[in-house]
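Undergrad: So here's input_38.cif (mmCIF, C-alpha atoms).
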```cif
data_protein
loop_
_atom_site.label_atom_id
_atom_site.label_comp_id
_atom_site.auth_asym_id
_atom_site.auth_seq_id
_atom_site.Cartn_x
_atom_site.Cartn_y
_atom_site.Cartn_z
CA MET A 14 108.82 93.73 70.81
CA ARG A 15 110.35 95.98 68.17
CA LEU A 16 108.22 98.67 66.62
CA SER A 17 110.07 98.25 63.31
CA HIS A 18 108.83 94.67 63.03
CA ILE A 19 105.24 95.87 63.54
CA ILE A 20 105.72 98.58 60.91
CA GLU A 21 107.11 96.03 58.45
CA GLU A 22 104.19 93.66 59.02
CA TYR A 23 101.42 96.25 58.69
CA TYR A 24 102.96 98.81 56.36
CA ASP A 25 101.01 97.70 53.29
CA ALA A 26 97.73 97.53 55.22
CA PHE A 27 98.38 101.03 56.58
CA GLN A 28 99.06 102.40 53.10
CA THR A 29 95.88 100.80 51.76
CA ARG A 30 93.68 102.27 54.48
CA TYR A 31 95.38 105.53 55.44
CA GLY A 32 97.91 106.27 52.69
CA ASP A 33 95.82 109.03 51.12
CA LYS A 34 95.24 110.68 54.52
CA ALA A 35 98.75 110.43 55.95
CA LEU A 36 100.90 113.56 55.96
CA PRO A 37 104.32 113.51 54.24
CA GLY A 38 106.10 113.90 57.59
CA GLN A 39 104.24 110.89 58.95
CA ILE A 40 105.28 108.69 56.02
CA ASN A 41 108.90 109.87 56.38
CA ALA A 42 108.84 109.01 60.08
CA LEU A 43 107.37 105.59 59.33
CA LYS A 44 110.07 104.81 56.77
CA ALA A 45 112.81 106.07 59.09
CA MET A 46 111.66 103.88 61.98
CA LEU A 47 111.37 100.92 59.60
CA SER A 48 115.02 101.26 58.55
CA CYS A 49 116.40 102.17 62.00
CA ARG A 50 119.50 100.18 62.92
CA THR A 51 119.46 98.27 59.67
CA PRO A 52 121.90 98.61 56.74
CA ASP A 53 119.25 100.74 54.99
CA ALA A 54 119.94 103.48 57.55
CA GLY A 55 123.65 103.42 56.81
CA GLN A 56 126.59 101.77 58.49
CA ILE A 57 129.59 102.71 60.54
CA TYR A 58 132.89 100.85 60.24
CA THR A 59 135.08 100.35 63.32
CA ALA A 60 138.34 98.68 64.20
CA CYS A 61 139.87 97.65 67.50
CA PRO A 62 143.29 99.30 67.99
CA ASP A 63 144.43 96.39 70.22
CA CYS A 64 143.33 93.19 68.46
CA ASN A 65 142.58 94.65 64.99
CA HIS A 66 139.06 93.23 65.00
CA LEU A 67 136.89 94.85 62.28
CA GLN A 68 133.15 95.35 62.64
CA GLN A 69 130.19 97.00 60.92
CA HIS A 70 127.35 98.62 62.86
CA PRO A 71 123.99 99.73 61.39
CA LEU A 72 123.19 103.35 62.12
CA SER A 73 120.17 104.72 63.94
CA CYS A 74 117.64 106.63 61.86
CA GLY A 75 117.91 109.71 64.11
CA ASN A 76 114.22 110.50 63.78
CA ARG A 77 112.93 112.23 66.91
CA HIS A 78 109.79 110.07 66.91
CA CYS A 79 111.70 106.78 66.93
CA PRO A 80 111.75 104.94 70.29
CA HIS A 81 115.38 103.87 69.70
CA CYS A 82 116.89 107.26 68.93
CA GLN A 83 117.73 110.58 70.58
CA ASN A 84 118.43 109.16 74.05
CA HIS A 85 121.68 111.14 74.15
CA GLU A 86 119.84 114.36 73.24
CA THR A 87 117.30 113.73 76.00
CA SER A 88 120.07 113.35 78.57
CA GLN A 89 121.71 116.55 77.37
CA TRP A 90 118.43 118.45 77.67
CA ILE A 91 117.96 117.28 81.26
CA ASP A 92 121.54 118.33 82.06
CA ARG A 93 120.93 121.83 80.68
CA GLN A 94 117.64 122.22 82.54
CA GLN A 95 119.06 120.82 85.76
CA ASN A 96 121.77 123.48 85.67
CA LYS A 97 118.98 126.10 85.73
CA LEU A 98 117.19 124.67 88.79
CA LEU A 99 116.70 127.02 91.72
CA PRO A 100 116.26 126.23 95.45
CA VAL A 101 112.54 127.12 95.39
CA GLN A 102 109.23 125.33 95.11
CA TYR A 103 108.20 124.44 91.56
CA PHE A 104 104.79 124.26 89.98
CA MET A 105 103.49 122.38 86.95
CA VAL A 106 100.71 124.07 85.00
CA THR A 107 98.95 122.09 82.26
CA PHE A 108 96.90 123.81 79.56
CA THR A 109 94.67 121.38 77.66
CA LEU A 110 92.95 122.03 74.35
CA PRO A 111 89.28 120.96 74.54
CA CYS A 112 88.28 117.92 72.48
CA GLN A 113 86.13 120.02 70.13
CA PHE A 114 89.29 121.73 68.81
CA ARG A 115 91.29 118.57 68.06
CA ASP A 116 90.27 118.33 64.41
CA VAL A 117 91.24 121.97 63.83
CA ALA A 118 94.54 121.38 65.63
CA TYR A 119 95.36 118.26 63.62
CA LEU A 120 94.61 119.86 60.27
CA ASN A 121 96.56 123.05 61.16
CA GLN A 122 99.25 121.71 63.44
CA ARG A 123 101.98 124.29 63.02
CA ALA A 124 99.59 127.24 63.35
CA VAL A 125 97.60 125.85 66.29
CA TYR A 126 100.60 124.56 68.25
CA SER A 127 102.38 127.90 67.81
CA LEU A 128 99.24 129.68 68.96
CA MET A 129 99.04 127.46 72.03
CA PHE A 130 102.63 128.33 72.98
CA SER A 131 102.10 132.07 72.55
CA CYS A 132 98.79 132.11 74.47
CA VAL A 133 100.13 129.99 77.34
CA SER A 134 103.36 131.98 77.71
CA GLY A 135 101.56 135.32 77.47
CA THR A 136 98.92 134.31 80.00
CA LEU A 137 101.42 133.11 82.60
CA LYS A 138 103.73 136.07 82.01
CA ASP A 139 100.92 138.59 82.57
CA PHE A 140 99.70 136.77 85.68
CA GLY A 141 103.23 136.89 87.08
CA LEU A 142 103.66 140.61 86.36
CA ASN A 143 100.32 141.42 88.01
CA PRO A 144 101.06 142.86 91.49
CA ARG A 145 98.04 141.03 92.91
CA HIS A 146 99.60 137.69 92.03
CA LEU A 147 103.36 138.18 92.19
CA GLY A 148 104.50 141.39 90.51
CA ALA A 149 107.56 139.83 88.94
CA GLN A 150 108.92 138.37 85.73
CA ILE A 151 108.73 134.58 85.95
CA GLY A 152 110.66 131.86 84.14
CA MET A 153 109.01 128.95 82.37
CA THR A 154 109.93 125.71 80.65
CA MET A 155 107.22 124.43 78.31
CA VAL A 156 106.83 121.10 76.55
CA LEU A 157 104.09 120.24 74.07
CA HIS A 158 102.54 116.79 74.36
CA THR A 159 99.97 115.60 71.82
CA ASN A 160 98.95 112.26 73.32
CA SER A 161 96.84 110.96 76.16
CA ARG A 162 97.88 107.88 78.09
CA ARG A 163 95.77 105.84 75.64
CA LEU A 164 97.75 107.54 72.82
CA ASP A 165 94.69 109.38 71.51
CA PHE A 166 95.26 112.81 69.96
CA HIS A 167 95.13 115.13 72.97
CA PRO A 168 97.19 118.33 72.55
CA HIS A 169 98.29 119.97 75.81
CA ILE A 170 101.23 121.97 77.11
CA HIS A 171 103.02 121.26 80.38
CA VAL A 172 104.75 124.24 82.00
CA ILE A 173 107.31 124.02 84.79
CA VAL A 174 107.44 127.31 86.72
CA PRO A 175 109.81 128.18 89.59
CA GLY A 176 107.95 129.65 92.57
CA GLY A 177 109.11 133.22 92.24
CA GLY A 178 110.32 135.86 89.84
CA VAL A 179 112.42 138.96 89.27
CA ASP A 180 110.95 142.35 90.08
CA PRO A 181 111.75 144.25 86.86
CA SER A 182 111.83 147.66 88.58
CA ARG A 183 113.89 146.77 91.66
CA ARG A 184 115.88 143.88 90.17
CA GLN A 185 114.98 141.79 93.19
CA TRP A 186 113.82 138.21 93.61
CA LYS A 187 110.25 137.85 94.83
CA LYS A 188 109.28 134.52 96.31
CA LYS A 189 105.86 133.09 95.55
CA LYS A 190 104.03 132.52 98.81
CA GLY A 191 101.38 129.91 99.48
CA LYS A 192 100.63 126.48 98.05
CA TYR A 193 99.30 127.73 94.72
CA LEU A 194 100.91 129.54 91.83
CA PHE A 195 97.86 131.22 90.27
CA ASN A 196 94.13 130.52 90.26
CA HIS A 197 93.58 127.77 87.69
CA LYS A 198 90.06 128.97 86.78
CA ALA A 199 91.32 132.46 86.06
CA LEU A 200 94.17 131.06 83.97
CA ALA A 201 91.73 128.95 81.95
CA LYS A 202 89.45 131.91 81.30
CA VAL A 203 92.25 134.13 79.99
CA PHE A 204 93.81 131.31 77.96
CA ARG A 205 90.46 130.54 76.34
CA GLY A 206 89.86 134.16 75.37
CA ARG A 207 93.31 134.62 73.87
CA PHE A 208 93.22 131.32 72.01
CA LEU A 209 89.83 132.00 70.42
CA ASP A 210 90.98 135.49 69.46
CA GLY A 211 94.08 133.95 67.89
CA LEU A 212 92.00 131.52 65.86
CA ASN A 213 89.92 134.40 64.54
CA LYS A 214 93.03 136.34 63.54
CA LYS A 215 94.41 133.29 61.74
CA LYS A 216 91.00 132.80 60.11
CA LEU A 217 90.72 129.27 61.44
CA PRO A 218 87.27 127.84 62.24
CA ILE A 219 85.94 127.78 65.78
CA PRO A 220 84.00 124.53 66.30
CA LYS A 221 80.37 124.70 67.33
CA GLY A 222 79.43 123.40 70.74
CA ALA A 223 82.77 124.29 72.33
CA ARG A 224 82.41 124.34 76.08
CA PRO A 225 82.59 127.77 77.77
CA LYS A 226 84.79 126.50 80.60
CA TRP A 227 88.24 125.18 79.78
CA VAL A 228 90.55 123.12 81.99
CA VAL A 229 93.89 124.25 83.36
CA ASP A 230 95.56 122.17 86.04
CA CYS A 231 98.05 123.72 88.45
CA GLU A 232 99.91 121.76 91.11
CA ARG A 233 103.01 122.03 93.23
CA VAL A 234 105.70 119.53 92.23
CA GLY A 235 108.45 120.08 94.78
CA ALA A 236 112.03 120.65 93.68
CA GLY A 237 111.31 120.44 89.94
CA LEU A 238 113.77 117.74 88.80
CA SER A 239 111.19 114.96 88.81
CA ALA A 240 108.85 117.10 86.72
CA LEU A 241 111.60 117.80 84.19
CA LYS A 242 112.32 114.09 83.86
CA TYR A 243 108.62 113.49 83.28
CA LEU A 244 108.55 116.09 80.53
CA SER A 245 111.62 114.61 78.88
CA ARG A 246 110.00 111.19 78.58
CA TYR A 247 108.60 111.89 75.11
CA LEU A 248 110.71 114.90 74.27
CA TYR A 249 113.05 113.33 71.71
CA ARG A 250 111.55 109.86 71.37
CA GLY A 251 108.28 108.32 70.28
CA VAL A 252 105.07 108.37 72.28
CA ILE A 253 105.31 104.71 73.25
CA SER A 254 108.09 102.61 74.69
CA GLU A 255 108.54 99.24 73.04
CA ARG A 256 108.37 97.52 76.41
CA ASN A 257 104.74 98.63 76.62
CA ILE A 258 103.84 96.80 73.40
CA ILE A 259 102.88 93.43 74.85
CA ALA A 260 101.30 91.47 71.98
CA ASN A 261 101.12 91.27 68.20
CA GLN A 262 98.97 88.42 66.95
CA ASN A 263 96.06 87.73 64.64
CA GLY A 264 96.51 91.09 62.96
CA GLN A 265 96.14 93.03 66.20
CA VAL A 266 98.57 94.92 68.44
CA THR A 267 98.08 95.29 72.19
CA PHE A 268 99.84 97.85 74.38
CA ARG A 269 99.55 98.78 78.02
CA TYR A 270 99.25 102.11 79.75
CA ILE A 271 98.51 103.47 83.22
CA ASP A 272 95.07 105.00 83.65
CA GLY A 273 95.37 108.60 84.83
CA LYS A 274 92.45 108.38 87.26
CA THR A 275 92.65 104.86 88.70
CA LYS A 276 96.47 104.50 88.35
CA LYS A 277 95.82 100.91 87.26
CA VAL A 278 97.55 99.20 84.35
CA CYS A 279 95.17 98.92 81.39
CA THR A 280 95.52 97.51 77.89
CA ARG A 281 94.29 98.62 74.48
CA THR A 282 94.08 96.42 71.39
CA LEU A 283 93.89 97.73 67.81
CA ASN A 284 94.27 96.37 64.32
CA GLY A 285 97.88 96.69 63.22
CA GLU A 286 97.24 99.45 60.66
CA ASP A 287 95.15 101.38 63.21
CA PHE A 288 97.96 101.11 65.74
CA LEU A 289 100.39 102.63 63.24
CA ARG A 290 97.88 105.39 62.52
CA LEU A 291 97.63 106.10 66.26
CA ILE A 292 101.42 106.40 66.58
CA LEU A 293 101.69 108.72 63.58
CA LEU A 294 99.06 111.14 64.89
CA HIS A 295 101.79 112.51 67.15
CA VAL A 296 104.46 113.20 64.52
CA LEU A 297 105.21 116.92 64.74
CA PRO A 298 105.70 119.24 61.75
CA ARG A 299 109.25 119.32 60.48
CA GLY A 300 111.49 121.62 62.52
CA PHE A 301 108.82 122.41 65.11
CA ARG A 302 110.31 122.81 68.59
CA ARG A 303 108.43 120.83 71.21
CA ALA A 304 110.31 122.33 74.20
CA ARG A 305 110.78 126.06 74.81
CA ASP A 306 112.06 128.29 77.61
CA TYR A 307 110.70 131.73 78.53
CA GLY A 308 111.44 134.58 80.91
CA PHE A 309 114.67 134.41 82.86
CA LEU A 310 115.09 130.77 81.75
CA HIS A 311 115.32 131.74 78.07
CA GLY A 312 118.66 131.27 76.36
CA ASN A 313 118.98 135.03 75.78
CA ALA A 314 118.51 135.80 79.49
CA LYS A 315 121.65 134.14 80.82
CA LYS A 316 122.79 137.26 82.66
CA LEU A 317 119.44 137.59 84.42
CA LEU A 318 119.45 133.91 85.36
CA PHE A 319 122.97 134.29 86.70
CA LEU A 320 121.80 137.22 88.85
CA VAL A 321 118.94 135.10 90.23
CA GLN A 322 121.33 132.28 91.01
CA MET A 323 123.66 134.68 92.82
CA ILE A 324 120.77 136.06 94.91
CA LEU A 325 119.60 132.56 95.86
CA HIS A 326 123.16 131.33 96.54
CA VAL A 327 123.05 128.64 93.90
CA ARG A 328 126.30 126.77 93.41
CA ILE A 329 126.93 127.05 89.67
CA THR A 330 128.85 124.22 88.03
CA ALA A 331 130.07 124.08 84.49
CA ILE A 332 128.09 121.78 82.23
CA VAL A 333 130.22 118.84 81.21
CA ARG A 334 129.04 117.49 77.89
CA ARG A 335 128.13 113.85 78.12
CA PRO A 336 130.31 111.76 75.83
CA ARG A 337 128.47 109.68 73.30
CA PRO A 338 128.55 105.91 73.94
CA VAL A 339 131.45 104.18 72.24
CA PHE A 340 131.60 100.85 70.46
CA LYS A 341 133.51 98.25 72.42
CA CYS A 342 135.36 95.35 70.90
CA PRO A 343 133.46 92.07 71.44
CA HIS A 344 136.76 90.22 71.87
CA CYS A 345 138.91 92.38 74.16
CA GLY A 346 136.43 94.99 75.40
CA GLN A 347 138.50 97.98 74.31
CA PRO A 348 136.90 101.06 72.71
CA MET A 349 136.90 100.73 68.95
CA LYS A 350 138.12 103.35 66.50
CA ILE A 351 135.78 104.66 63.82
CA LEU A 352 137.18 104.13 60.33
CA GLY A 353 134.36 105.53 58.27
CA ILE A 354 130.64 105.97 57.78
CA LYS A 355 128.46 104.82 54.91
CA PRO A 356 125.38 107.11 54.85
CA ALA A 357 121.89 105.87 54.03
CA GLY A 358 121.27 105.50 50.33
CA ALA A 359 124.95 105.26 49.42
CA GLY A 360 125.84 102.61 46.91
#
```
Could you write out this structure as structure tokens?

TA:
Amino acid sequence: MRLSHIIEEYYDAFQTRYGDKALPGQINALKAMLSCRTPDAGQIYTACPDCNHLQQHPLSCGNRHCPHCQNHETSQWIDRQQNKLLPVQYFMVTFTLPCQFRDVAYLNQRAVYSLMFSCVSGTLKDFGLNPRHLGAQIGMTMVLHTNSRRLDFHPHIHVIVPGGGVDPSRRQWKKKKGKYLFNHKALAKVFRGRFLDGLNKKKLPIPKGARPKWVVDCERVGAGLSALKYLSRYLYRGVISERNIIANQNGQVTFRYIDGKTKKVCTRTLNGEDFLRLILLHVLPRGFRRARDYGFLHGNAKKLLFLVQMILHVRITAIVRRPRPVFKCPHCGQPMKILGIKPAGAG
């Protein structure tokens, strides 16, 4: 079931109910997904060099929230991250913003999301440098997610951390011992303090009734590749896969999801315009980076990462850029040659 068909059917109802509340970026994303892979998004003209067959192909919208687009970029991101993997145990740490702060986060997305990144990275970095915990500079890969499994607005940051770090004074690798990275209660306490202090400095309101204890989850995830693939699931594409939209009838849309506690498949049914509103809650501010690397995994720390790989005897292979999929001739099956591109909006 195509999301664009649902958008087309309920677009007017959405505008009537939520048009005055929707952000400009949300409307732009909605229009982009509506035109994706239609002539409105532009066209590409191809020809077969063998049988001279000519063909036109509608372009993708390229919007990072569209379920059809950015698959190539997702694969490239996994390739880059996989080339940084180390032969150590990995941990996933999840920092969740309490429900009382969701309204503040939604109304100040760029400021609050940036604050979350800085507080999470600073907290983990300081815990790693503390001699009682590790006494080393750690590396981190962070990805911001804004949705729960039910697609409600639920901002949280997942962090993939290799089990070890570089001793900045001795330039040595220190392996993290034990089954745990850091104490999750201590992480939550420090994160809470820094986040509230950051809100005060940005002069953003602190909601009343906010719980004193926040939740940080920390678990061991093995070699790390599976965790990276999990993080990439919504990295460059929308928050829902079209195969999980199972019904659209009588003005209502039904989708399925897996409950986090019971692991059972559940369904949720909403009016069409409310479903579109739910999807658009997770459109990020323009240009905001959802995924970021820190420590020796940062792009500016390539020499340090190379040193770590040498110490741990990692076989380093050159990254081969994945070729983009090619159009194949429907008659002879040969790759077609691109003649030209008609951009969106061209006459």

Undergrad: Quote the spacing between CA of Gln95 (chain A) and CA of Val229 (chain A) in Å to one decimal place.

TA: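 Interatomic distance here is 25.5 Å.
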
Undergrad: Taking the file as shown, what set of residues would the PyMOL selection byres ((chain A and resi 351-357) around 9) give back, as a count of residues only?

TA: 18

Undergrad: Between A:Pro220, A:Pro144, A:Gly251, A:Gly206, which residue has the minimum interatomic distance to Asn160 (chain A), considering all atoms listed in the file?

TA: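 Nearest candidate to Asn160 (chain A) out of A:Pro220, A:Pro144, A:Gly251, A:Gly206: A:Gly251.
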
Undergrad: Rank nothing, just name the residue among A:Asn257, A:Asn41, A:Thr29, A:Gln102 nearest to Gly235 (chain A), using all atoms listed in the file.

TA: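 Counting all atoms listed in the file, the residue closest to Gly235 (chain A) is A:Gln102.
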
Undergrad: Evaluate the PyMOL selection byres ((chain A and resi 43) around 12) on the structure here and hand back the selected residues as a PyMOL selection string.

TA: chain A and resi 16-21+23-25+27-28+32+35-42+44-49+74+76-80+251+286+289-296

Undergrad: Complete the atom set of region 20-31 of chain A to all heavy atoms and return it as a PDB file, in the coordinates of the input.

TA:
```pdb
ATOM      1  N   ILE A  20     105.860  97.727  62.094  1.00  0.00           N
ATOM      2  CA  ILE A  20     105.720  98.580  60.910  1.00  0.00           C
ATOM      3  C   ILE A  20     105.881  97.745  59.641  1.00  0.00           C
ATOM      4  O   ILE A  20     105.103  97.885  58.682  1.00  0.00           O
ATOM      5  CB  ILE A  20     106.761  99.714  60.945  1.00  0.00           C
ATOM      6  CG1 ILE A  20     106.490 100.651  62.123  1.00  0.00           C
ATOM      7  CG2 ILE A  20     106.743 100.494  59.633  1.00  0.00           C
ATOM      8  CD1 ILE A  20     107.544 101.718  62.310  1.00  0.00           C
ATOM      9  N   GLU A  21     106.868  96.879  59.623  1.00  0.00           N
ATOM     10  CA  GLU A  21     107.110  96.030  58.450  1.00  0.00           C
ATOM     11  C   GLU A  21     105.910  95.133  58.153  1.00  0.00           C
ATOM     12  O   GLU A  21     105.522  94.948  56.999  1.00  0.00           O
ATOM     13  CB  GLU A  21     108.365  95.193  58.671  1.00  0.00           C
ATOM     14  CG  GLU A  21     108.752  94.339  57.475  1.00  0.00           C
ATOM     15  CD  GLU A  21     110.042  93.570  57.714  1.00  0.00           C
ATOM     16  OE1 GLU A  21     110.525  93.566  58.873  1.00  0.00           O
ATOM     17  OE2 GLU A  21     110.559  92.975  56.757  1.00  0.00           O
ATOM     18  N   GLU A  22     105.305  94.589  59.199  1.00  0.00           N
ATOM     19  CA  GLU A  22     104.190  93.660  59.020  1.00  0.00           C
ATOM     20  C   GLU A  22     102.927  94.355  58.521  1.00  0.00           C
ATOM     21  O   GLU A  22     102.181  93.803  57.701  1.00  0.00           O
ATOM     22  CB  GLU A  22     103.901  92.941  60.341  1.00  0.00           C
ATOM     23  CG  GLU A  22     102.786  91.917  60.251  1.00  0.00           C
ATOM     24  CD  GLU A  22     102.615  91.123  61.541  1.00  0.00           C
ATOM     25  OE1 GLU A  22     103.496  91.225  62.430  1.00  0.00           O
ATOM     26  OE2 GLU A  22     101.603  90.398  61.657  1.00  0.00           O
ATOM     27  N   TYR A  23     102.685  95.590  59.002  1.00  0.00           N
ATOM     28  CA  TYR A  23     101.420  96.250  58.690  1.00  0.00           C
ATOM     29  C   TYR A  23     101.559  97.452  57.778  1.00  0.00           C
ATOM     30  O   TYR A  23     100.601  98.198  57.581  1.00  0.00           O
ATOM     31  CB  TYR A  23     100.734  96.682  60.001  1.00  0.00           C
ATOM     32  CG  TYR A  23     100.412  95.532  60.924  1.00  0.00           C
ATOM     33  CD1 TYR A  23     101.126  95.343  62.106  1.00  0.00           C
ATOM     34  CD2 TYR A  23      99.402  94.628  60.621  1.00  0.00           C
ATOM     35  CE1 TYR A  23     100.845  94.291  62.953  1.00  0.00           C
ATOM     36  CE2 TYR A  23      99.110  93.561  61.460  1.00  0.00           C
ATOM     37  CZ  TYR A  23      99.836  93.398  62.622  1.00  0.00           C
ATOM     38  OH  TYR A  23      99.555  92.343  63.456  1.00  0.00           O
ATOM     39  N   TYR A  24     102.723  97.635  57.194  1.00  0.00           N
ATOM     40  CA  TYR A  24     102.960  98.810  56.360  1.00  0.00           C
ATOM     41  C   TYR A  24     102.014  98.849  55.159  1.00  0.00           C
ATOM     42  O   TYR A  24     101.403  99.891  54.861  1.00  0.00           O
ATOM     43  CB  TYR A  24     104.413  98.833  55.886  1.00  0.00           C
ATOM     44  CG  TYR A  24     104.788 100.071  55.094  1.00  0.00           C
ATOM     45  CD1 TYR A  24     105.170 101.240  55.742  1.00  0.00           C
ATOM     46  CD2 TYR A  24     104.734 100.074  53.699  1.00  0.00           C
ATOM     47  CE1 TYR A  24     105.504 102.378  55.023  1.00  0.00           C
ATOM     48  CE2 TYR A  24     105.068 101.209  52.980  1.00  0.00           C
ATOM     49  CZ  TYR A  24     105.447 102.353  53.652  1.00  0.00           C
ATOM     50  OH  TYR A  24     105.774 103.481  52.930  1.00  0.00           O
ATOM     51  N   ASP A  25     101.872  97.739  54.472  1.00  0.00           N
ATOM     52  CA  ASP A  25     101.010  97.700  53.290  1.00  0.00           C
ATOM     53  C   ASP A  25      99.551  97.940  53.670  1.00  0.00           C
ATOM     54  O   ASP A  25      98.821  98.666  52.972  1.00  0.00           O
ATOM     55  CB  ASP A  25     101.160  96.363  52.569  1.00  0.00           C
ATOM     56  CG  ASP A  25     102.529  96.208  51.925  1.00  0.00           C
ATOM     57  OD1 ASP A  25     103.195  97.232  51.683  1.00  0.00           O
ATOM     58  OD2 ASP A  25     102.938  95.054  51.675  1.00  0.00           O
ATOM     59  N   ALA A  26      99.109  97.338  54.780  1.00  0.00           N
ATOM     60  CA  ALA A  26      97.730  97.530  55.220  1.00  0.00           C
ATOM     61  C   ALA A  26      97.494  98.991  55.609  1.00  0.00           C
ATOM     62  O   ALA A  26      96.414  99.548  55.346  1.00  0.00           O
ATOM     63  CB  ALA A  26      97.417  96.605  56.395  1.00  0.00           C
ATOM     64  N   PHE A  27      98.496  99.616  56.216  1.00  0.00           N
ATOM     65  CA  PHE A  27      98.380 101.030  56.580  1.00  0.00           C
ATOM     66  C   PHE A  27      98.264 101.890  55.329  1.00  0.00           C
ATOM     67  O   PHE A  27      97.417 102.796  55.257  1.00  0.00           O
ATOM     68  CB  PHE A  27      99.581 101.455  57.413  1.00  0.00           C
ATOM     69  CG  PHE A  27      99.657 102.933  57.661  1.00  0.00           C
ATOM     70  CD1 PHE A  27      98.924 103.524  58.676  1.00  0.00           C
ATOM     71  CD2 PHE A  27     100.445 103.749  56.850  1.00  0.00           C
ATOM     72  CE1 PHE A  27      98.973 104.897  58.888  1.00  0.00           C
ATOM     73  CE2 PHE A  27     100.504 105.111  57.056  1.00  0.00           C
ATOM     74  CZ  PHE A  27      99.764 105.685  58.076  1.00  0.00           C
ATOM     75  N   GLN A  28      99.098 101.614  54.329  1.00  0.00           N
ATOM     76  CA  GLN A  28      99.060 102.400  53.100  1.00  0.00           C
ATOM     77  C   GLN A  28      97.724 102.245  52.384  1.00  0.00           C
ATOM     78  O   GLN A  28      97.186 103.218  51.832  1.00  0.00           O
ATOM     79  CB  GLN A  28     100.206 101.969  52.169  1.00  0.00           C
ATOM     80  CG  GLN A  28     101.582 102.445  52.617  1.00  0.00           C
ATOM     81  CD  GLN A  28     101.806 103.918  52.318  1.00  0.00           C
ATOM     82  OE1 GLN A  28     100.870 104.684  52.144  1.00  0.00           O
ATOM     83  NE2 GLN A  28     103.060 104.329  52.285  1.00  0.00           N
ATOM     84  N   THR A  29      97.168 101.042  52.422  1.00  0.00           N
ATOM     85  CA  THR A  29      95.880 100.800  51.760  1.00  0.00           C
ATOM     86  C   THR A  29      94.768 101.595  52.430  1.00  0.00           C
ATOM     87  O   THR A  29      93.908 102.179  51.755  1.00  0.00           O
ATOM     88  CB  THR A  29      95.549  99.305  51.782  1.00  0.00           C
ATOM     89  OG1 THR A  29      96.570  98.582  51.099  1.00  0.00           O
ATOM     90  CG2 THR A  29      94.209  99.042  51.113  1.00  0.00           C
ATOM     91  N   ARG A  30      94.782 101.644  53.757  1.00  0.00           N
ATOM     92  CA  ARG A  30      93.680 102.270  54.480  1.00  0.00           C
ATOM     93  C   ARG A  30      93.895 103.757  54.733  1.00  0.00           C
ATOM     94  O   ARG A  30      92.949 104.548  54.671  1.00  0.00           O
ATOM     95  CB  ARG A  30      93.472 101.553  55.810  1.00  0.00           C
ATOM     96  CG  ARG A  30      92.267 102.081  56.594  1.00  0.00           C
ATOM     97  CD  ARG A  30      91.891 101.176  57.723  1.00  0.00           C
ATOM     98  NE  ARG A  30      90.694 101.658  58.415  1.00  0.00           N
ATOM     99  CZ  ARG A  30      90.142 101.042  59.462  1.00  0.00           C
ATOM    100  NH1 ARG A  30      90.662  99.915  59.908  1.00  0.00           N
ATOM    101  NH2 ARG A  30      89.073 101.551  60.040  1.00  0.00           N
ATOM    102  N   TYR A  31      95.138 104.154  55.029  1.00  0.00           N
ATOM    103  CA  TYR A  31      95.380 105.530  55.440  1.00  0.00           C
ATOM    104  C   TYR A  31      96.370 106.281  54.553  1.00  0.00           C
ATOM    105  O   TYR A  31      96.686 107.443  54.837  1.00  0.00           O
ATOM    106  CB  TYR A  31      95.927 105.561  56.877  1.00  0.00           C
ATOM    107  CG  TYR A  31      94.976 105.039  57.914  1.00  0.00           C
ATOM    108  CD1 TYR A  31      95.216 103.826  58.561  1.00  0.00           C
ATOM    109  CD2 TYR A  31      93.826 105.740  58.260  1.00  0.00           C
ATOM    110  CE1 TYR A  31      94.341 103.337  59.540  1.00  0.00           C
ATOM    111  CE2 TYR A  31      92.943 105.262  59.224  1.00  0.00           C
ATOM    112  CZ  TYR A  31      93.212 104.059  59.856  1.00  0.00           C
ATOM    113  OH  TYR A  31      92.348 103.584  60.808  1.00  0.00           O
TER     114      TYR A  31
END
```
